[in-house]
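Chemist: Provided herewith: run02.cif, mmCIF, N, CA and C atoms.
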data_coords
loop_
_atom_site.group_PDB
_atom_site.id
_atom_site.type_symbol
_atom_site.label_atom_id
_atom_site.label_comp_id
_atom_site.auth_asym_id
_atom_site.auth_seq_id
_atom_site.Cartn_x
_atom_site.Cartn_y
_atom_site.Cartn_z
ATOM 1 N N MET O 1 97.096 86.491 112.642
ATOM 2 C CA MET O 1 96.882 86.480 111.212
ATOM 3 C C MET O 1 95.925 87.614 110.849
ATOM 4 N N SER O 2 96.301 88.419 109.905
ATOM 5 C CA SER O 2 95.446 89.538 109.520
ATOM 6 C C SER O 2 94.411 89.101 108.480
ATOM 7 N N ARG O 3 93.306 89.818 108.490
ATOM 8 C CA ARG O 3 92.252 89.548 107.519
ATOM 9 C C ARG O 3 92.445 90.480 106.338
ATOM 10 N N SER O 4 92.148 89.986 105.162
ATOM 11 C CA SER O 4 92.227 90.840 103.984
ATOM 12 C C SER O 4 91.136 90.433 103.004
ATOM 13 N N ASN O 5 90.831 91.317 102.114
ATOM 14 C CA ASN O 5 89.844 91.031 101.085
ATOM 15 C C ASN O 5 90.523 90.725 99.762
ATOM 16 N N LYS O 6 91.723 90.175 99.830
ATOM 17 C CA LYS O 6 92.472 89.835 98.632
ATOM 18 C C LYS O 6 91.720 88.754 97.863
ATOM 19 N N VAL O 7 91.543 88.995 96.581
ATOM 20 C CA VAL O 7 90.844 88.039 95.736
ATOM 21 C C VAL O 7 91.821 86.936 95.344
ATOM 22 N N VAL O 8 91.542 85.716 95.773
ATOM 23 C CA VAL O 8 92.435 84.594 95.501
ATOM 24 C C VAL O 8 92.188 84.049 94.101
ATOM 25 N N VAL O 9 90.920 83.947 93.717
ATOM 26 C CA VAL O 9 90.551 83.463 92.391
ATOM 27 C C VAL O 9 89.747 84.567 91.698
ATOM 28 N N PRO O 10 90.413 85.435 90.925
ATOM 29 C CA PRO O 10 89.726 86.580 90.326
ATOM 30 C C PRO O 10 88.533 86.208 89.450
ATOM 31 N N THR O 11 88.566 85.053 88.812
ATOM 32 C CA THR O 11 87.463 84.656 87.931
ATOM 33 C C THR O 11 86.193 84.307 88.701
ATOM 34 N N SER O 12 86.293 84.143 90.006
ATOM 35 C CA SER O 12 85.116 83.792 90.800
ATOM 36 C C SER O 12 84.326 85.021 91.259
ATOM 37 N N LYS O 13 84.841 86.217 91.051
ATOM 38 C CA LYS O 13 84.202 87.428 91.558
ATOM 39 C C LYS O 13 82.789 87.606 91.011
ATOM 40 N N ALA O 14 82.604 87.402 89.717
ATOM 41 C CA ALA O 14 81.273 87.582 89.116
ATOM 42 C C ALA O 14 80.280 86.571 89.681
ATOM 43 N N ALA O 15 80.705 85.333 89.848
ATOM 44 C CA ALA O 15 79.805 84.308 90.388
ATOM 45 C C ALA O 15 79.429 84.608 91.833
ATOM 46 N N LEU O 16 80.380 85.071 92.632
ATOM 47 C CA LEU O 16 80.096 85.419 94.028
ATOM 48 C C LEU O 16 79.166 86.624 94.119
ATOM 49 N N ASN O 17 79.354 87.614 93.251
ATOM 50 C CA ASN O 17 78.460 88.770 93.249
ATOM 51 C C ASN O 17 77.046 88.360 92.870
ATOM 52 N N GLN O 18 76.921 87.471 91.880
ATOM 53 C CA GLN O 18 75.596 86.991 91.479
ATOM 54 C C GLN O 18 74.934 86.261 92.635
ATOM 55 N N LEU O 19 75.682 85.418 93.323
ATOM 56 C CA LEU O 19 75.160 84.687 94.469
ATOM 57 C C LEU O 19 74.727 85.657 95.568
ATOM 58 N N LYS O 20 75.512 86.697 95.804
ATOM 59 C CA LYS O 20 75.202 87.705 96.822
ATOM 60 C C LYS O 20 73.854 88.362 96.530
ATOM 61 N N TYR O 21 73.635 88.761 95.274
ATOM 62 C CA TYR O 21 72.389 89.426 94.919
ATOM 63 C C TYR O 21 71.203 88.461 94.936
ATOM 64 N N GLU O 22 71.416 87.199 94.550
ATOM 65 C CA GLU O 22 70.346 86.204 94.606
ATOM 66 C C GLU O 22 69.894 85.979 96.045
ATOM 67 N N ILE O 23 70.846 85.861 96.952
ATOM 68 C CA ILE O 23 70.521 85.634 98.360
ATOM 69 C C ILE O 23 69.806 86.852 98.939
ATOM 70 N N ALA O 24 70.286 88.043 98.613
ATOM 71 C CA ALA O 24 69.628 89.260 99.095
ATOM 72 C C ALA O 24 68.185 89.316 98.607
ATOM 73 N N ALA O 25 67.947 88.902 97.368
ATOM 74 C CA ALA O 25 66.590 88.887 96.834
ATOM 75 C C ALA O 25 65.736 87.846 97.555
ATOM 76 N N GLU O 26 66.311 86.680 97.845
ATOM 77 C CA GLU O 26 65.578 85.637 98.571
ATOM 78 C C GLU O 26 65.194 86.103 99.974
ATOM 79 N N PHE O 27 66.057 86.915 100.588
ATOM 80 C CA PHE O 27 65.783 87.431 101.925
ATOM 81 C C PHE O 27 64.871 88.652 101.902
ATOM 82 N N GLY O 28 64.461 89.085 100.714
ATOM 83 C CA GLY O 28 63.566 90.226 100.603
ATOM 84 C C GLY O 28 64.254 91.557 100.852
ATOM 85 N N LEU O 29 65.529 91.649 100.545
ATOM 86 C CA LEU O 29 66.292 92.869 100.791
ATOM 87 C C LEU O 29 66.434 93.716 99.527
ATOM 88 N N THR O 30 65.557 93.536 98.560
ATOM 89 C CA THR O 30 65.640 94.286 97.315
ATOM 90 C C THR O 30 64.588 95.377 97.270
ATOM 91 N N SER O 31 64.818 96.351 96.407
ATOM 92 C CA SER O 31 63.885 97.456 96.248
ATOM 93 C C SER O 31 63.896 97.899 94.798
ATOM 94 N N GLY O 32 62.745 98.159 94.231
ATOM 95 C CA GLY O 32 62.656 98.614 92.852
ATOM 96 C C GLY O 32 62.864 100.096 92.714
ATOM 97 N N ALA O 33 63.007 100.839 93.797
ATOM 98 C CA ALA O 33 63.091 102.290 93.748
ATOM 99 C C ALA O 33 64.505 102.808 93.538
ATOM 100 N N TYR O 34 65.502 101.976 93.577
ATOM 101 C CA TYR O 34 66.887 102.428 93.494
ATOM 102 C C TYR O 34 67.248 102.776 92.061
ATOM 103 N N ALA O 35 67.779 103.949 91.847
ATOM 104 C CA ALA O 35 68.114 104.417 90.505
ATOM 105 C C ALA O 35 69.509 103.995 90.076
ATOM 106 N N GLY O 36 70.366 103.622 91.021
ATOM 107 C CA GLY O 36 71.700 103.157 90.679
ATOM 108 C C GLY O 36 72.708 104.277 90.450
ATOM 109 N N THR O 37 72.388 105.513 90.838
ATOM 110 C CA THR O 37 73.334 106.607 90.651
ATOM 111 C C THR O 37 73.527 107.356 91.959
ATOM 112 N N GLY O 38 74.713 107.844 92.152
ATOM 113 C CA GLY O 38 74.995 108.709 93.280
ATOM 114 C C GLY O 38 75.060 108.042 94.638
ATOM 115 N N ALA O 39 75.043 106.737 94.706
ATOM 116 C CA ALA O 39 75.098 106.069 96.000
ATOM 117 C C ALA O 39 76.529 106.053 96.510
ATOM 118 N N ASP O 40 76.701 106.272 97.786
ATOM 119 C CA ASP O 40 78.010 106.285 98.387
ATOM 120 C C ASP O 40 78.210 104.987 99.150
ATOM 121 N N THR O 41 78.210 103.886 98.421
ATOM 122 C CA THR O 41 78.381 102.579 99.043
ATOM 123 C C THR O 41 79.484 101.822 98.340
ATOM 124 N N GLU O 42 79.947 100.783 98.974
ATOM 125 C CA GLU O 42 81.020 99.974 98.421
ATOM 126 C C GLU O 42 80.619 99.326 97.095
ATOM 127 N N PHE O 43 79.348 98.980 96.943
ATOM 128 C CA PHE O 43 78.883 98.245 95.776
ATOM 129 C C PHE O 43 78.092 99.110 94.806
ATOM 130 N N ALA O 44 78.267 100.408 94.842
ATOM 131 C CA ALA O 44 77.453 101.305 94.026
ATOM 132 C C ALA O 44 77.580 100.983 92.543
ATOM 133 N N GLY O 45 78.770 100.719 92.060
ATOM 134 C CA GLY O 45 78.948 100.402 90.646
ATOM 135 C C GLY O 45 78.251 99.119 90.262
ATOM 136 N N GLU O 46 78.317 98.137 91.145
ATOM 137 C CA GLU O 46 77.668 96.859 90.874
ATOM 138 C C GLU O 46 76.155 96.996 90.883
ATOM 139 N N LEU O 47 75.632 97.849 91.741
ATOM 140 C CA LEU O 47 74.191 98.009 91.843
ATOM 141 C C LEU O 47 73.604 98.527 90.545
ATOM 142 N N GLY O 48 74.280 99.461 89.913
ATOM 143 C CA GLY O 48 73.795 99.993 88.648
ATOM 144 C C GLY O 48 73.753 98.921 87.586
ATOM 145 N N ALA O 49 74.751 98.051 87.570
ATOM 146 C CA ALA O 49 74.795 96.977 86.580
ATOM 147 C C ALA O 49 73.751 95.920 86.874
ATOM 148 N N GLN O 50 73.474 95.674 88.146
ATOM 149 C CA GLN O 50 72.534 94.630 88.530
ATOM 150 C C GLN O 50 71.088 95.055 88.387
ATOM 151 N N ALA O 51 70.812 96.350 88.453
ATOM 152 C CA ALA O 51 69.434 96.817 88.463
ATOM 153 C C ALA O 51 68.686 96.409 87.214
ATOM 154 N N GLY O 52 69.344 96.408 86.069
ATOM 155 C CA GLY O 52 68.670 96.051 84.827
ATOM 156 C C GLY O 52 68.435 94.567 84.676
ATOM 157 N N THR O 53 69.199 93.736 85.382
ATOM 158 C CA THR O 53 69.084 92.295 85.215
ATOM 159 C C THR O 53 68.131 91.655 86.203
ATOM 160 N N GLY O 54 67.783 92.360 87.274
ATOM 161 C CA GLY O 54 66.962 91.755 88.308
ATOM 162 C C GLY O 54 65.535 92.244 88.305
ATOM 163 N N GLY O 55 64.999 92.596 87.149
ATOM 164 C CA GLY O 55 63.629 93.060 87.104
ATOM 165 C C GLY O 55 63.472 94.441 87.707
ATOM 166 N N GLY O 56 64.546 95.249 87.657
ATOM 167 C CA GLY O 56 64.478 96.595 88.197
ATOM 168 C C GLY O 56 64.720 96.661 89.692
ATOM 169 N N HIS O 57 65.053 95.560 90.325
ATOM 170 C CA HIS O 57 65.281 95.525 91.760
ATOM 171 C C HIS O 57 66.767 95.540 92.052
ATOM 172 N N SER O 58 67.134 96.182 93.131
ATOM 173 C CA SER O 58 68.527 96.220 93.554
ATOM 174 C C SER O 58 68.578 96.252 95.070
ATOM 175 N N VAL O 59 69.782 96.222 95.598
ATOM 176 C CA VAL O 59 69.974 96.179 97.042
ATOM 177 C C VAL O 59 70.542 97.506 97.510
ATOM 178 N N HIS O 60 69.960 98.077 98.552
ATOM 179 C CA HIS O 60 70.498 99.275 99.187
ATOM 180 C C HIS O 60 71.463 98.806 100.274
ATOM 181 N N TRP O 61 72.700 98.510 99.899
ATOM 182 C CA TRP O 61 73.639 97.944 100.859
ATOM 183 C C TRP O 61 73.858 98.874 102.052
ATOM 184 N N SER O 62 73.870 100.176 101.817
ATOM 185 C CA SER O 62 74.117 101.107 102.920
ATOM 186 C C SER O 62 72.933 101.177 103.885
ATOM 187 N N ALA O 63 71.757 100.742 103.447
ATOM 188 C CA ALA O 63 70.572 100.795 104.298
ATOM 189 C C ALA O 63 70.365 99.516 105.103
ATOM 190 N N LEU O 64 71.161 98.489 104.830
ATOM 191 C CA LEU O 64 71.007 97.225 105.543
ATOM 192 C C LEU O 64 71.596 97.326 106.947
ATOM 193 N N SER O 65 70.977 96.636 107.874
ATOM 194 C CA SER O 65 71.560 96.555 109.211
ATOM 195 C C SER O 65 72.737 95.577 109.166
ATOM 196 N N THR O 66 73.546 95.629 110.185
ATOM 197 C CA THR O 66 74.677 94.707 110.268
ATOM 198 C C THR O 66 74.191 93.268 110.284
ATOM 199 N N ARG O 67 73.090 93.028 110.964
ATOM 200 C CA ARG O 67 72.527 91.682 111.031
ATOM 201 C C ARG O 67 72.094 91.190 109.644
ATOM 202 N N GLN O 68 71.452 92.065 108.863
ATOM 203 C CA GLN O 68 70.994 91.671 107.531
ATOM 204 C C GLN O 68 72.185 91.388 106.612
ATOM 205 N N ALA O 69 73.176 92.270 106.622
ATOM 206 C CA ALA O 69 74.355 92.065 105.791
ATOM 207 C C ALA O 69 75.094 90.795 106.217
ATOM 208 N N GLY O 70 75.168 90.555 107.510
ATOM 209 C CA GLY O 70 75.803 89.345 108.006
ATOM 210 C C GLY O 70 75.048 88.093 107.619
ATOM 211 N N SER O 71 73.730 88.203 107.543
ATOM 212 C CA SER O 71 72.920 87.063 107.122
ATOM 213 C C SER O 71 73.215 86.686 105.671
ATOM 214 N N VAL O 72 73.391 87.701 104.831
ATOM 215 C CA VAL O 72 73.723 87.434 103.426
ATOM 216 C C VAL O 72 75.087 86.755 103.353
ATOM 217 N N GLY O 73 76.073 87.295 104.059
ATOM 218 C CA GLY O 73 77.406 86.701 104.065
ATOM 219 C C GLY O 73 77.424 85.300 104.643
ATOM 220 N N GLY O 74 76.667 85.083 105.705
ATOM 221 C CA GLY O 74 76.585 83.751 106.312
ATOM 222 C C GLY O 74 75.951 82.737 105.385
ATOM 223 N N GLU O 75 74.924 83.171 104.656
ATOM 224 C CA GLU O 75 74.258 82.268 103.710
ATOM 225 C C GLU O 75 75.182 81.934 102.541
ATOM 226 N N ILE O 76 75.976 82.906 102.099
ATOM 227 C CA ILE O 76 76.958 82.637 101.041
ATOM 228 C C ILE O 76 77.924 81.558 101.514
ATOM 229 N N THR O 77 78.447 81.727 102.729
ATOM 230 C CA THR O 77 79.388 80.756 103.285
ATOM 231 C C THR O 77 78.751 79.379 103.400
ATOM 232 N N LYS O 78 77.522 79.328 103.895
ATOM 233 C CA LYS O 78 76.819 78.060 104.059
ATOM 234 C C LYS O 78 76.661 77.339 102.717
ATOM 235 N N ARG O 79 76.275 78.083 101.690
ATOM 236 C CA ARG O 79 76.077 77.469 100.372
ATOM 237 C C ARG O 79 77.392 77.027 99.740
ATOM 238 N N LEU O 80 78.452 77.820 99.924
ATOM 239 C CA LEU O 80 79.754 77.420 99.374
ATOM 240 C C LEU O 80 80.286 76.165 100.051
ATOM 241 N N ILE O 81 80.088 76.059 101.362
ATOM 242 C CA ILE O 81 80.521 74.859 102.079
ATOM 243 C C ILE O 81 79.718 73.648 101.618
ATOM 244 N N ALA O 82 78.407 73.797 101.464
ATOM 245 C CA ALA O 82 77.568 72.689 100.995
ATOM 246 C C ALA O 82 77.996 72.238 99.604
ATOM 247 N N GLN O 83 78.311 73.200 98.735
ATOM 248 C CA GLN O 83 78.755 72.856 97.388
ATOM 249 C C GLN O 83 80.090 72.119 97.427
ATOM 250 N N ALA O 84 81.024 72.588 98.254
ATOM 251 C CA ALA O 84 82.319 71.926 98.368
ATOM 252 C C ALA O 84 82.169 70.514 98.926
ATOM 253 N N GLU O 85 81.285 70.343 99.919
ATOM 254 C CA GLU O 85 81.059 69.008 100.480
ATOM 255 C C GLU O 85 80.487 68.062 99.440
ATOM 256 N N SER O 86 79.572 68.548 98.607
ATOM 257 C CA SER O 86 78.984 67.671 97.596
ATOM 258 C C SER O 86 80.023 67.279 96.547
ATOM 259 N N VAL O 87 80.917 68.195 96.215
ATOM 260 C CA VAL O 87 81.987 67.873 95.267
ATOM 261 C C VAL O 87 82.934 66.849 95.884
ATOM 262 N N LEU O 88 83.300 67.063 97.164
ATOM 263 C CA LEU O 88 84.217 66.125 97.816
ATOM 264 C C LEU O 88 83.584 64.759 98.014
ATOM 265 N N ASN O 89 82.289 64.706 98.284
ATOM 266 C CA ASN O 89 81.607 63.422 98.420
ATOM 267 C C ASN O 89 81.576 62.662 97.100
ATOM 268 N N GLY O 90 81.640 63.367 96.002
ATOM 269 C CA GLY O 90 81.662 62.725 94.685
ATOM 270 C C GLY O 90 82.960 61.999 94.397
ATOM 271 N N TYR O 91 84.026 62.347 95.132
ATOM 272 C CA TYR O 91 85.315 61.707 94.931
ATOM 273 C C TYR O 91 85.455 60.419 95.713
ATOM 274 N N GLN O 92 84.507 60.121 96.581
ATOM 275 C CA GLN O 92 84.628 58.913 97.411
ATOM 276 C C GLN O 92 84.087 57.710 96.717
#
Any chance you could put this one into structure tokens?

Modeler:
Amino acid sequence: MSRSNKVVVPTSKAALNQLKYEIAAEFGLTSGAYAGTGADTEFAGELGAQAGTGGGHSVHWSALSTRQAGSVGGEITKRLIAQAESVLNGYQ
């Protein structure tokens, strides 16, 4: 089975991006020095939009180690699973 980044629920993209930046901030991976222009990263466009909403702080995704980026992704997965479990427990 191949892996893909196909968006299954397009309306969830904004919520997932917000969660990604919140977790990065909780892990201390933010910096107030990022100007949001000229970055050659996958999330460069998002960083410019996020910089004004997070108190001037943003994430240098290209400067993160694989371990740090994986920690953010792992925490997203952990929180989504916990949320799904709480919803499913409500049906019992």

Chemist: As an exercise, work out the distance from atom N of Pro10 of chain O to atom CA of Gln68 of chain O in Å and give it to one decimal place.

Modeler: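 If I compute the distance from atom N of Pro10 of chain O to atom CA of Gln68 of chain O, I get 26.3 Å.
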
Chemist: Which distance in Å separates atom N of Ala25 of chain O and atom C of Thr11 of chain O, to one decimal?

Modeler: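 Atom C of Thr11 of chain O lies 20.7 Å from atom N of Ala25 of chain O.
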
Chemist: Have a look at O:Gln92, O:Thr77, O:Ser58, O:Asn17 and name the one nearest to Thr30 of chain O; count all atoms listed in the file.

Modeler: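 Comparing O:Gln92, O:Thr77, O:Ser58, O:Asn17 against Thr30 of chain O, the winner is O:Ser58.
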
Chemist: For atom CA of Leu29 of chain O and atom N of Leu80 of chain O, quote the distance in Å rounded to one decimal.

Modeler: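 Going from atom CA of Leu29 of chain O over to atom N of Leu80 of chain O, I get 19.4 Å.
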
Chemist: Step by step, gather every atom of segment 81-85 of chain O that the file lists, find the box along x, y and z that holds them, add 3 Å on each side, and finally give centre and edge lengths in Å to one decimal, as JSON.

Modeler:
{"center_x": 79.9, "center_y": 72.1, "center_z": 99.7, "size_x": 10.8, "size_y": 14.0, "size_z": 10.7}
